[in-house]
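**Student:** Input entry00.tsv, format and content: TSV, C-alpha atoms.
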```
chain	number	residue	atom	x	y	z
A	1	MET	CA	0.00	0.00	0.00
A	2	PRO	CA	1.50	3.42	-0.96
A	3	LEU	CA	2.14	5.90	1.83
A	4	TRP	CA	0.71	8.72	-0.30
A	5	GLU	CA	-1.06	9.14	-3.66
A	6	HIS	CA	-0.32	12.74	-4.66
A	7	TYR	CA	2.72	14.95	-4.16
A	8	HIS	CA	2.57	18.77	-4.38
A	9	ARG	CA	5.44	21.31	-4.38
A	10	PRO	CA	3.85	24.76	-3.94
A	11	SER	CA	5.95	27.90	-4.40
A	12	THR	CA	3.95	30.13	-2.03
A	13	VAL	CA	2.32	29.78	1.38
A	14	GLU	CA	-1.06	30.49	-0.21
A	15	GLN	CA	-0.65	27.61	-2.65
A	16	ALA	CA	0.30	25.30	0.22
A	17	LEU	CA	-2.83	26.29	2.14
A	18	ASP	CA	-4.94	25.72	-0.99
A	19	ASN	CA	-3.44	22.22	-1.27
A	20	LEU	CA	-4.33	21.47	2.35
A	21	ALA	CA	-7.85	22.81	1.91
A	22	HIS	CA	-8.39	20.70	-1.21
A	23	TYR	CA	-7.71	17.47	0.69
A	24	ALA	CA	-9.68	18.50	3.79
A	25	GLY	CA	-7.50	16.76	6.38
A	26	ARG	CA	-6.19	14.00	4.11
A	27	ALA	CA	-2.86	15.75	3.39
A	28	ARG	CA	0.21	16.53	5.49
A	29	ILE	CA	2.89	19.18	5.22
A	30	LEU	CA	6.32	17.76	4.36
A	31	ALA	CA	9.67	19.50	4.85
A	32	GLY	CA	12.66	17.32	5.77
A	33	GLY	CA	10.45	14.31	6.44
A	34	THR	CA	12.91	12.82	8.93
A	35	ASP	CA	10.11	12.19	11.45
A	36	LEU	CA	6.95	12.02	9.34
A	37	LEU	CA	8.15	9.59	6.66
A	38	LEU	CA	9.75	7.26	9.20
A	39	GLU	CA	6.57	7.12	11.27
A	40	MET	CA	4.51	6.38	8.17
A	41	GLN	CA	6.91	3.63	7.10
A	42	GLN	CA	6.77	2.08	10.57
A	43	GLY	CA	2.98	2.24	10.72
A	44	ARG	CA	2.85	4.78	13.56
A	45	LYS	CA	1.16	7.32	11.28
A	46	PRO	CA	-1.44	6.31	8.66
A	47	PRO	CA	-0.92	6.81	4.91
A	48	VAL	CA	-2.22	10.09	3.49
A	49	GLU	CA	-3.83	11.06	0.23
A	50	ALA	CA	-1.26	13.81	-0.43
A	51	LEU	CA	2.00	15.29	0.78
A	52	VAL	CA	2.56	19.03	0.44
A	53	ASP	CA	6.30	19.71	0.11
A	54	VAL	CA	7.03	23.25	1.35
A	55	THR	CA	10.79	23.27	0.73
A	56	GLN	CA	10.41	25.39	-2.45
A	57	ILE	CA	8.66	28.29	-0.70
A	58	PRO	CA	11.29	31.08	-0.46
A	59	GLU	CA	10.00	32.79	2.70
A	60	LEU	CA	10.17	29.51	4.62
A	61	CYS	CA	13.88	29.13	3.81
A	62	GLN	CA	15.33	32.49	4.88
A	63	ILE	CA	17.15	33.87	7.91
A	64	ASN	CA	17.13	37.65	8.25
A	65	GLU	CA	17.05	40.49	10.76
A	66	GLY	CA	14.76	43.51	10.91
A	67	ASP	CA	12.32	45.46	13.07
A	68	GLY	CA	14.16	44.39	16.23
A	69	PHE	CA	13.84	40.65	15.53
A	70	ILE	CA	15.69	37.79	13.89
A	71	TYR	CA	13.36	35.87	11.58
A	72	ILE	CA	14.00	32.19	10.86
A	73	GLY	CA	11.93	30.43	8.22
A	74	ALA	CA	10.23	27.23	9.32
A	75	GLY	CA	11.85	25.41	6.39
A	76	VAL	CA	15.41	26.40	7.34
A	77	THR	CA	17.50	23.28	7.95
A	78	HIS	CA	19.50	22.64	11.09
A	79	THR	CA	22.68	22.76	9.01
A	80	ALA	CA	21.78	26.23	7.70
A	81	ILE	CA	21.19	27.40	11.27
A	82	THR	CA	24.59	26.13	12.43
A	83	HIS	CA	26.25	27.97	9.52
A	84	SER	CA	24.53	31.30	10.24
A	85	GLU	CA	26.91	33.91	11.63
A	86	LEU	CA	23.94	36.06	12.65
A	87	LEU	CA	22.46	33.30	14.81
A	88	THR	CA	25.86	32.27	16.17
A	89	GLN	CA	26.40	35.79	17.50
A	90	LYS	CA	22.87	36.76	18.53
A	91	ALA	CA	20.99	33.50	19.25
A	92	THR	CA	23.80	31.19	20.30
A	93	CYS	CA	21.77	28.52	22.03
A	94	LEU	CA	19.78	27.82	18.85
A	95	VAL	CA	22.97	27.14	16.90
A	96	GLU	CA	24.33	24.91	19.67
A	97	SER	CA	21.10	22.90	19.91
A	98	CYS	CA	20.63	22.44	16.16
A	99	GLY	CA	24.25	21.32	15.89
A	100	VAL	CA	23.65	18.19	18.00
A	101	ILE	CA	20.46	16.99	16.30
A	102	GLY	CA	21.00	13.64	14.60
A	103	GLY	CA	23.98	13.34	12.28
A	104	PRO	CA	25.05	15.48	9.30
A	105	GLN	CA	22.67	13.70	6.91
A	106	VAL	CA	19.70	14.40	9.17
A	107	ARG	CA	20.72	18.02	9.83
A	108	ASN	CA	21.05	18.65	6.08
A	109	VAL	CA	17.33	18.02	5.50
A	110	ALA	CA	15.54	18.27	8.87
A	111	THR	CA	13.97	21.68	9.52
A	112	LEU	CA	13.33	23.87	12.54
A	113	GLY	CA	9.62	24.05	11.72
A	114	GLY	CA	9.41	20.28	11.56
A	115	ASN	CA	11.12	20.05	14.95
A	116	VAL	CA	8.39	22.24	16.42
A	117	ALA	CA	5.44	20.77	14.49
A	118	HIS	CA	6.38	17.25	15.62
A	119	ALA	CA	5.92	18.49	19.22
A	120	LEU	CA	8.33	16.15	20.99
A	121	PRO	CA	9.30	17.41	24.49
A	122	ALA	CA	12.93	16.49	23.72
A	123	GLY	CA	13.20	18.61	20.55
A	124	ASP	CA	16.57	20.35	20.87
A	125	GLY	CA	15.76	23.25	18.55
A	126	THR	CA	12.45	23.71	20.32
A	127	LEU	CA	14.11	24.01	23.74
A	128	SER	CA	16.27	26.84	22.46
A	129	LEU	CA	13.28	28.61	20.95
A	130	VAL	CA	11.55	28.42	24.35
A	131	ALA	CA	14.63	29.82	26.08
A	132	LEU	CA	14.73	32.65	23.53
A	133	ASP	CA	11.02	33.40	24.12
A	134	ALA	CA	10.31	32.84	20.44
A	135	GLU	CA	7.05	33.35	18.60
A	136	ALA	CA	5.82	31.45	15.54
A	137	GLU	CA	3.97	32.94	12.61
A	138	VAL	CA	1.19	30.51	11.69
A	139	ALA	CA	-0.72	30.74	8.41
A	140	GLY	CA	-4.24	29.36	8.09
A	141	PRO	CA	-7.57	29.89	6.35
A	142	THR	CA	-8.22	33.21	8.12
A	143	GLY	CA	-4.75	34.68	7.60
A	144	ARG	CA	-1.56	34.79	9.66
A	145	ASP	CA	-0.92	35.40	13.34
A	146	TRP	CA	2.00	35.28	15.77
A	147	ARG	CA	1.76	32.74	18.61
A	148	PRO	CA	4.05	32.20	21.62
A	149	ILE	CA	6.07	29.05	21.04
A	150	GLY	CA	4.62	27.38	24.13
A	151	GLN	CA	1.10	27.53	22.65
A	152	LEU	CA	2.04	25.13	19.84
A	153	TYR	CA	2.15	22.07	22.13
A	154	ALA	CA	-0.86	20.03	23.19
A	155	GLY	CA	1.13	17.13	24.69
A	156	PRO	CA	3.98	14.74	23.91
A	157	GLY	CA	4.02	14.37	20.14
A	158	LYS	CA	0.72	16.28	19.90
A	159	SER	CA	0.85	19.64	18.17
A	160	ALA	CA	-1.71	22.35	18.87
A	161	LEU	CA	-1.57	23.25	15.19
A	162	ASN	CA	-4.39	22.16	12.92
A	163	HIS	CA	-2.36	20.07	10.47
A	164	ALA	CA	-5.34	19.95	8.11
A	165	SER	CA	-5.34	23.71	7.50
A	166	GLU	CA	-2.35	25.46	9.14
A	167	LEU	CA	1.39	25.65	8.67
A	168	ILE	CA	4.25	27.41	10.44
A	169	VAL	CA	5.81	30.10	8.22
A	170	ARG	CA	8.65	31.41	10.40
A	171	PHE	CA	9.86	32.15	13.90
A	172	ARG	CA	11.07	35.38	15.45
A	173	VAL	CA	13.39	35.98	18.40
A	174	ARG	CA	14.98	39.06	19.88
A	175	PRO	CA	18.71	39.24	19.06
A	176	ALA	CA	21.04	39.22	22.06
A	177	ALA	CA	21.81	42.76	23.23
A	178	ALA	CA	24.64	43.99	25.46
A	179	GLY	CA	24.81	41.92	28.64
A	180	GLU	CA	22.69	39.11	27.17
A	181	GLY	CA	23.70	35.61	26.14
A	182	SER	CA	22.40	32.09	25.69
A	183	ALA	CA	23.67	28.52	25.62
A	184	PHE	CA	22.46	24.95	25.15
A	185	LYS	CA	23.71	21.69	26.68
A	186	ARG	CA	22.40	18.14	26.62
A	187	ILE	CA	23.04	14.92	28.52
A	188	MET	CA	23.25	11.89	26.23
A	189	ARG	CA	23.77	8.18	26.52
A	190	PRO	CA	27.34	7.34	25.49
A	191	GLN	CA	26.41	5.89	22.10
A	192	GLY	CA	24.39	8.98	21.19
A	193	VAL	CA	21.78	7.03	19.22
A	194	ALA	CA	18.64	7.47	21.33
A	195	LEU	CA	16.87	10.65	22.34
A	196	PRO	CA	18.73	12.77	24.91
A	197	ILE	CA	18.28	12.14	28.63
A	198	LEU	CA	17.98	15.89	29.17
A	199	GLY	CA	18.40	19.05	27.13
A	200	LEU	CA	18.84	22.50	28.66
A	201	GLY	CA	18.49	25.89	26.99
A	202	VAL	CA	19.34	29.05	28.93
A	203	TRP	CA	19.07	32.76	28.18
A	204	VAL	CA	20.37	35.30	30.70
A	205	ARG	CA	20.72	39.08	31.00
A	206	VAL	CA	23.35	40.54	33.32
A	207	ALA	CA	23.53	44.17	34.49
A	208	ASN	CA	26.29	45.49	36.75
A	209	GLY	CA	27.45	41.96	37.51
A	210	VAL	CA	24.01	40.81	38.67
A	211	VAL	CA	21.52	38.55	36.91
A	212	ASP	CA	18.71	40.83	35.77
A	213	ALA	CA	16.57	38.20	33.98
A	214	ALA	CA	16.80	34.52	33.04
A	215	ARG	CA	14.90	31.92	31.03
A	216	ILE	CA	15.58	28.20	31.40
A	217	SER	CA	13.97	25.48	29.27
A	218	LEU	CA	14.19	21.73	29.91
A	219	GLY	CA	13.21	18.61	28.00
A	220	PRO	CA	12.16	15.89	28.13
A	221	ALA	CA	10.90	16.77	31.61
A	222	GLY	CA	7.15	16.58	31.07
A	223	PRO	CA	4.56	16.45	28.29
A	224	ARG	CA	5.82	19.74	26.79
A	225	PRO	CA	9.06	21.74	26.84
A	226	LEU	CA	9.32	22.97	30.42
A	227	ARG	CA	10.17	26.46	31.69
A	228	ALA	CA	11.99	26.19	35.02
A	229	ALA	CA	10.21	29.18	36.55
A	230	GLN	CA	11.41	28.69	40.14
A	231	ALA	CA	15.03	28.41	39.06
A	232	GLU	CA	14.66	31.51	36.89
A	233	ALA	CA	13.26	33.50	39.79
A	234	TYR	CA	16.01	32.26	42.10
A	235	LEU	CA	18.76	33.50	39.78
A	236	VAL	CA	17.44	37.05	39.47
A	237	GLY	CA	19.39	39.39	41.72
A	238	LYS	CA	22.28	36.95	42.21
A	239	ALA	CA	25.85	37.83	41.34
A	240	PHE	CA	26.71	36.40	37.94
```
In structure tokens, what does this structure look like?
**Tutor:**
Amino acid sequence: MPLWEHYHRPSTVEQALDNLAHYAGRARILAGGTDLLLEMQQGRKPPVEALVDVTQIPELCQINEGDGFIYIGAGVTHTAITHSELLTQKATCLVESCGVIGGPQVRNVATLGGNVAHALPAGDGTLSLVALDAEAEVAGPTGRDWRPIGQLYAGPGKSALNHASELIVRFRVRPAAAGEGSAFKRIMRPQGVALPILGLGVWVRVANGVVDAARISLGPAGPRPLRAAQAEAYLVGKAF
């Protein structure tokens, strides 16, 4: 039995939404496919009538800065993120987290939007987006809107997106300013094959040698990426 019957490669977000609407829930968005195709092959996701490949939509594949934000297209690969000088300097934890996802072959095709849409609590790129207080631009039948990254998770492996009619276009984060920085670390089993035991994304702002603000994200530590609110509050006011 084929895993899909029709394959579409739209060149705009509007065309992709039209494709989804045409199949009324019987199509899925495809980017890198490193999660979706494997799950379909293993029988953990049912076959679909159509796949909508969004990798040819220019605005999904760009990294740029403007209006006080860094914008990262949902179709940007993890490899592209690790090679971005802008992100290395101004959103360091995202580069560090995307650099440890899978191996080079996976990073060359897997996308940041796919990492978020798959909604796994252990998603490394996701943890950094949470630490950076990111927002996602979601396109749907009624237009586009910006949503806090935490609102895209309904549970482990359960996205709050409507996959039948919505897609993530891009993310935005504030670039690191003076006194601000971020980092990502993970604890792995020695062989590095399975999902991480724990990933940790941290953003911090220091003023006059004292922690002025902090954001800490953890995963997998619950059904969704977790903000360590008590630890964040404890750090504020402490000497750096």
**Student:** Taking 6 positions as the minimum chain separation for residues in the same chain, which residues sit within 9 Å of A:Leu30 when counting only C-alpha atoms? Answer as an MDAnalysis selection string.
**Tutor:** chainID A and resid 36:37 51:55 114
**Student:** Quick one, how far is atom CA of A:Arg170 from atom CA of A:Gln41?
**Tutor:** 28.0 Å
**Student:** Quick check, in Å to one decimal: how far apart do atom CA of A:Pro225 and atom CA of A:Gln105 lie?
**Tutor:**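 Result for atom CA of A:Pro225 versus atom CA of A:Gln105: 25.4 Å, one decimal.
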**Student:** Provide the atom CA of A:Asp212 to atom CA of A:Cys98 distance in Å, to one decimal place.
**Tutor:**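 Between these atoms lies a distance of 27.0 Å.
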**Student:** Could you check which of A:Ala160, A:Leu167, A:Ala176, A:Ile72 is closest to A:Glu135, using all atoms listed in the file?
**Tutor:**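 With all atoms listed in the file as the atom set, the closest residue is A:Ile72.
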**Student:** List the neighbours of stretch 162-165 of chain A out to 6 Å using only C-alpha atoms; skip same-chain residues closer than 6 positions along the sequence, and give me the result as a PyMOL selection string.
**Tutor:** chain A and resi 20+25+140
**Student:** For A:Leu218, which of A:Asp133, A:Asp124, A:Glu85, A:Glu166 is the closest residue, counting all atoms listed in the file?
**Tutor:**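 Looking only at the distances to A:Leu218, the closest residue turns out to be A:Asp124.
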**Student:** Can you work out which one of A:Val95, A:Val169, A:Val202, A:Ile101 has the shortest atom-to-atom distance to A:His83, counting all atoms listed in the file?
**Tutor:**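 The answer is A:Val95, which sits nearest to A:His83.
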**Student:** Env of A:Phe69: 7 Å cut, atoms = all atoms listed in the file, seq-sep filter 2 positions within chain, self excluded. Answer as a CSV table (one decimal) with C-alpha atoms, in the frame of the given file.
**Tutor:**
```
chain,number,residue,atom,x,y,z
A,65,GLU,CA,17.0,40.5,10.8
A,66,GLY,CA,14.8,43.5,10.9
A,67,ASP,CA,12.3,45.5,13.1
A,71,TYR,CA,13.4,35.9,11.6
A,172,ARG,CA,11.1,35.4,15.4
A,173,VAL,CA,13.4,36.0,18.4
A,174,ARG,CA,15.0,39.1,19.9
A,175,PRO,CA,18.7,39.2,19.1
```
**Student:** A:Ile216, A:Ala16, A:Ile57, A:Leu132: which is nearest A:Tyr234, counting all atoms listed in the file?
**Tutor:**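 Of all the options, A:Ile216 lies closest to A:Tyr234.
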**Student:** Between A:Val109, A:Asn115, A:His8, A:Ser182, which has the minimum distance to A:Thr88 (counting only C-alpha atoms)?
**Tutor:**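 Among the listed residues, the smallest separation from A:Thr88 belongs to A:Ser182.
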**Student:** Place a sphere of radius 10 Å on (10.9, 28.1, 5.2) in the file coordinates and name every protein, DNA or RNA residue with an atom inside or on its surface, counting all atoms listed in the file; give the answer as a list in words.
**Tutor:** Val13, Ala31, Val54, Thr55, Gln56, Ile57, Pro58, Glu59, Leu60, Cys61, Gln62, Ile63, Ile72, Gly73, Ala74, Gly75, Val76, Thr77, Thr111, Leu112, Gly113, Ile168, Val169, Arg170 and Phe171 of chain A
**Student:** May I ask you to restore all heavy atoms in stretch 13-24 of chain A and write the result as a PDB file, in the frame of the given file?
**Tutor:**
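For reference, part.pdb as written:
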```pdb
ATOM      1  N   VAL A  13       3.096  30.246   0.226  1.00  0.00           N
ATOM      2  CA  VAL A  13       2.320  29.780   1.380  1.00  0.00           C
ATOM      3  C   VAL A  13       0.857  29.626   1.002  1.00  0.00           C
ATOM      4  O   VAL A  13       0.196  28.660   1.401  1.00  0.00           O
ATOM      5  CB  VAL A  13       2.468  30.779   2.560  1.00  0.00           C
ATOM      6  CG1 VAL A  13       1.470  30.459   3.671  1.00  0.00           C
ATOM      7  CG2 VAL A  13       3.895  30.757   3.094  1.00  0.00           C
ATOM      8  N   GLU A  14       0.345  30.541   0.192  1.00  0.00           N
ATOM      9  CA  GLU A  14      -1.060  30.490  -0.210  1.00  0.00           C
ATOM     10  C   GLU A  14      -1.351  29.230  -1.010  1.00  0.00           C
ATOM     11  O   GLU A  14      -2.408  28.592  -0.823  1.00  0.00           O
ATOM     12  CB  GLU A  14      -1.412  31.744  -1.020  1.00  0.00           C
ATOM     13  CG  GLU A  14      -1.448  33.027  -0.215  1.00  0.00           C
ATOM     14  CD  GLU A  14      -0.075  33.496   0.270  1.00  0.00           C
ATOM     15  OE1 GLU A  14       0.929  33.203  -0.431  1.00  0.00           O
ATOM     16  OE2 GLU A  14      -0.001  34.132   1.337  1.00  0.00           O
ATOM     17  N   GLN A  15      -0.454  28.848  -1.891  1.00  0.00           N
ATOM     18  CA  GLN A  15      -0.650  27.610  -2.650  1.00  0.00           C
ATOM     19  C   GLN A  15      -0.638  26.397  -1.733  1.00  0.00           C
ATOM     20  O   GLN A  15      -1.434  25.466  -1.912  1.00  0.00           O
ATOM     21  CB  GLN A  15       0.437  27.477  -3.717  1.00  0.00           C
ATOM     22  CG  GLN A  15       0.305  28.441  -4.874  1.00  0.00           C
ATOM     23  CD  GLN A  15       1.458  28.328  -5.856  1.00  0.00           C
ATOM     24  OE1 GLN A  15       2.379  27.519  -5.676  1.00  0.00           O
ATOM     25  NE2 GLN A  15       1.426  29.148  -6.902  1.00  0.00           N
ATOM     26  N   ALA A  16       0.246  26.411  -0.731  1.00  0.00           N
ATOM     27  CA  ALA A  16       0.300  25.300   0.220  1.00  0.00           C
ATOM     28  C   ALA A  16      -1.005  25.176   0.994  1.00  0.00           C
ATOM     29  O   ALA A  16      -1.526  24.073   1.199  1.00  0.00           O
ATOM     30  CB  ALA A  16       1.476  25.483   1.175  1.00  0.00           C
ATOM     31  N   LEU A  17      -1.558  26.314   1.416  1.00  0.00           N
ATOM     32  CA  LEU A  17      -2.830  26.290   2.140  1.00  0.00           C
ATOM     33  C   LEU A  17      -3.969  25.812   1.240  1.00  0.00           C
ATOM     34  O   LEU A  17      -4.858  25.086   1.686  1.00  0.00           O
ATOM     35  CB  LEU A  17      -3.140  27.684   2.686  1.00  0.00           C
ATOM     36  CG  LEU A  17      -2.196  28.208   3.783  1.00  0.00           C
ATOM     37  CD1 LEU A  17      -2.563  29.638   4.160  1.00  0.00           C
ATOM     38  CD2 LEU A  17      -2.217  27.310   5.007  1.00  0.00           C
ATOM     39  N   ASP A  18      -3.928  26.200  -0.035  1.00  0.00           N
ATOM     40  CA  ASP A  18      -4.940  25.720  -0.990  1.00  0.00           C
ATOM     41  C   ASP A  18      -4.856  24.203  -1.142  1.00  0.00           C
ATOM     42  O   ASP A  18      -5.883  23.519  -1.210  1.00  0.00           O
ATOM     43  CB  ASP A  18      -4.753  26.389  -2.346  1.00  0.00           C
ATOM     44  CG  ASP A  18      -5.193  27.848  -2.344  1.00  0.00           C
ATOM     45  OD1 ASP A  18      -5.916  28.247  -1.414  1.00  0.00           O
ATOM     46  OD2 ASP A  18      -4.793  28.583  -3.273  1.00  0.00           O
ATOM     47  N   ASN A  19      -3.618  23.674  -1.182  1.00  0.00           N
ATOM     48  CA  ASN A  19      -3.440  22.220  -1.270  1.00  0.00           C
ATOM     49  C   ASN A  19      -4.051  21.531  -0.064  1.00  0.00           C
ATOM     50  O   ASN A  19      -4.777  20.536  -0.202  1.00  0.00           O
ATOM     51  CB  ASN A  19      -1.964  21.869  -1.380  1.00  0.00           C
ATOM     52  CG  ASN A  19      -1.316  22.261  -2.688  1.00  0.00           C
ATOM     53  OD1 ASN A  19      -0.135  22.578  -2.737  1.00  0.00           O
ATOM     54  ND2 ASN A  19      -2.082  22.258  -3.771  1.00  0.00           N
ATOM     55  N   LEU A  20      -3.770  22.064   1.130  1.00  0.00           N
ATOM     56  CA  LEU A  20      -4.330  21.470   2.350  1.00  0.00           C
ATOM     57  C   LEU A  20      -5.850  21.517   2.328  1.00  0.00           C
ATOM     58  O   LEU A  20      -6.522  20.538   2.668  1.00  0.00           O
ATOM     59  CB  LEU A  20      -3.795  22.197   3.580  1.00  0.00           C
ATOM     60  CG  LEU A  20      -2.327  22.004   3.936  1.00  0.00           C
ATOM     61  CD1 LEU A  20      -1.956  22.867   5.144  1.00  0.00           C
ATOM     62  CD2 LEU A  20      -1.996  20.542   4.219  1.00  0.00           C
ATOM     63  N   ALA A  21      -6.398  22.660   1.929  1.00  0.00           N
ATOM     64  CA  ALA A  21      -7.850  22.810   1.910  1.00  0.00           C
ATOM     65  C   ALA A  21      -8.495  21.833   0.935  1.00  0.00           C
ATOM     66  O   ALA A  21      -9.569  21.279   1.213  1.00  0.00           O
ATOM     67  CB  ALA A  21      -8.225  24.243   1.546  1.00  0.00           C
ATOM     68  N   HIS A  22      -7.836  21.600  -0.190  1.00  0.00           N
ATOM     69  CA  HIS A  22      -8.390  20.700  -1.210  1.00  0.00           C
ATOM     70  C   HIS A  22      -8.583  19.285  -0.664  1.00  0.00           C
ATOM     71  O   HIS A  22      -9.578  18.618  -0.991  1.00  0.00           O
ATOM     72  CB  HIS A  22      -7.467  20.665  -2.429  1.00  0.00           C
ATOM     73  CG  HIS A  22      -7.872  19.686  -3.482  1.00  0.00           C
ATOM     74  ND1 HIS A  22      -8.912  19.914  -4.355  1.00  0.00           N
ATOM     75  CD2 HIS A  22      -7.391  18.439  -3.790  1.00  0.00           C
ATOM     76  CE1 HIS A  22      -9.064  18.876  -5.153  1.00  0.00           C
ATOM     77  NE2 HIS A  22      -8.153  17.969  -4.836  1.00  0.00           N
ATOM     78  N   TYR A  23      -7.646  18.846   0.187  1.00  0.00           N
ATOM     79  CA  TYR A  23      -7.710  17.470   0.690  1.00  0.00           C
ATOM     80  C   TYR A  23      -8.443  17.351   2.026  1.00  0.00           C
ATOM     81  O   TYR A  23      -8.652  16.237   2.512  1.00  0.00           O
ATOM     82  CB  TYR A  23      -6.298  16.890   0.791  1.00  0.00           C
ATOM     83  CG  TYR A  23      -5.676  16.648  -0.563  1.00  0.00           C
ATOM     84  CD1 TYR A  23      -4.769  17.558  -1.097  1.00  0.00           C
ATOM     85  CD2 TYR A  23      -6.012  15.533  -1.312  1.00  0.00           C
ATOM     86  CE1 TYR A  23      -4.206  17.353  -2.348  1.00  0.00           C
ATOM     87  CE2 TYR A  23      -5.460  15.316  -2.574  1.00  0.00           C
ATOM     88  CZ  TYR A  23      -4.555  16.233  -3.082  1.00  0.00           C
ATOM     89  OH  TYR A  23      -4.000  16.028  -4.327  1.00  0.00           O
ATOM     90  N   ALA A  24      -8.801  18.489   2.610  1.00  0.00           N
ATOM     91  CA  ALA A  24      -9.680  18.500   3.790  1.00  0.00           C
ATOM     92  C   ALA A  24      -9.246  17.513   4.875  1.00  0.00           C
ATOM     93  O   ALA A  24     -10.027  16.674   5.326  1.00  0.00           O
ATOM     94  CB  ALA A  24     -11.122  18.212   3.367  1.00  0.00           C
TER      95      ALA A  24
END
```
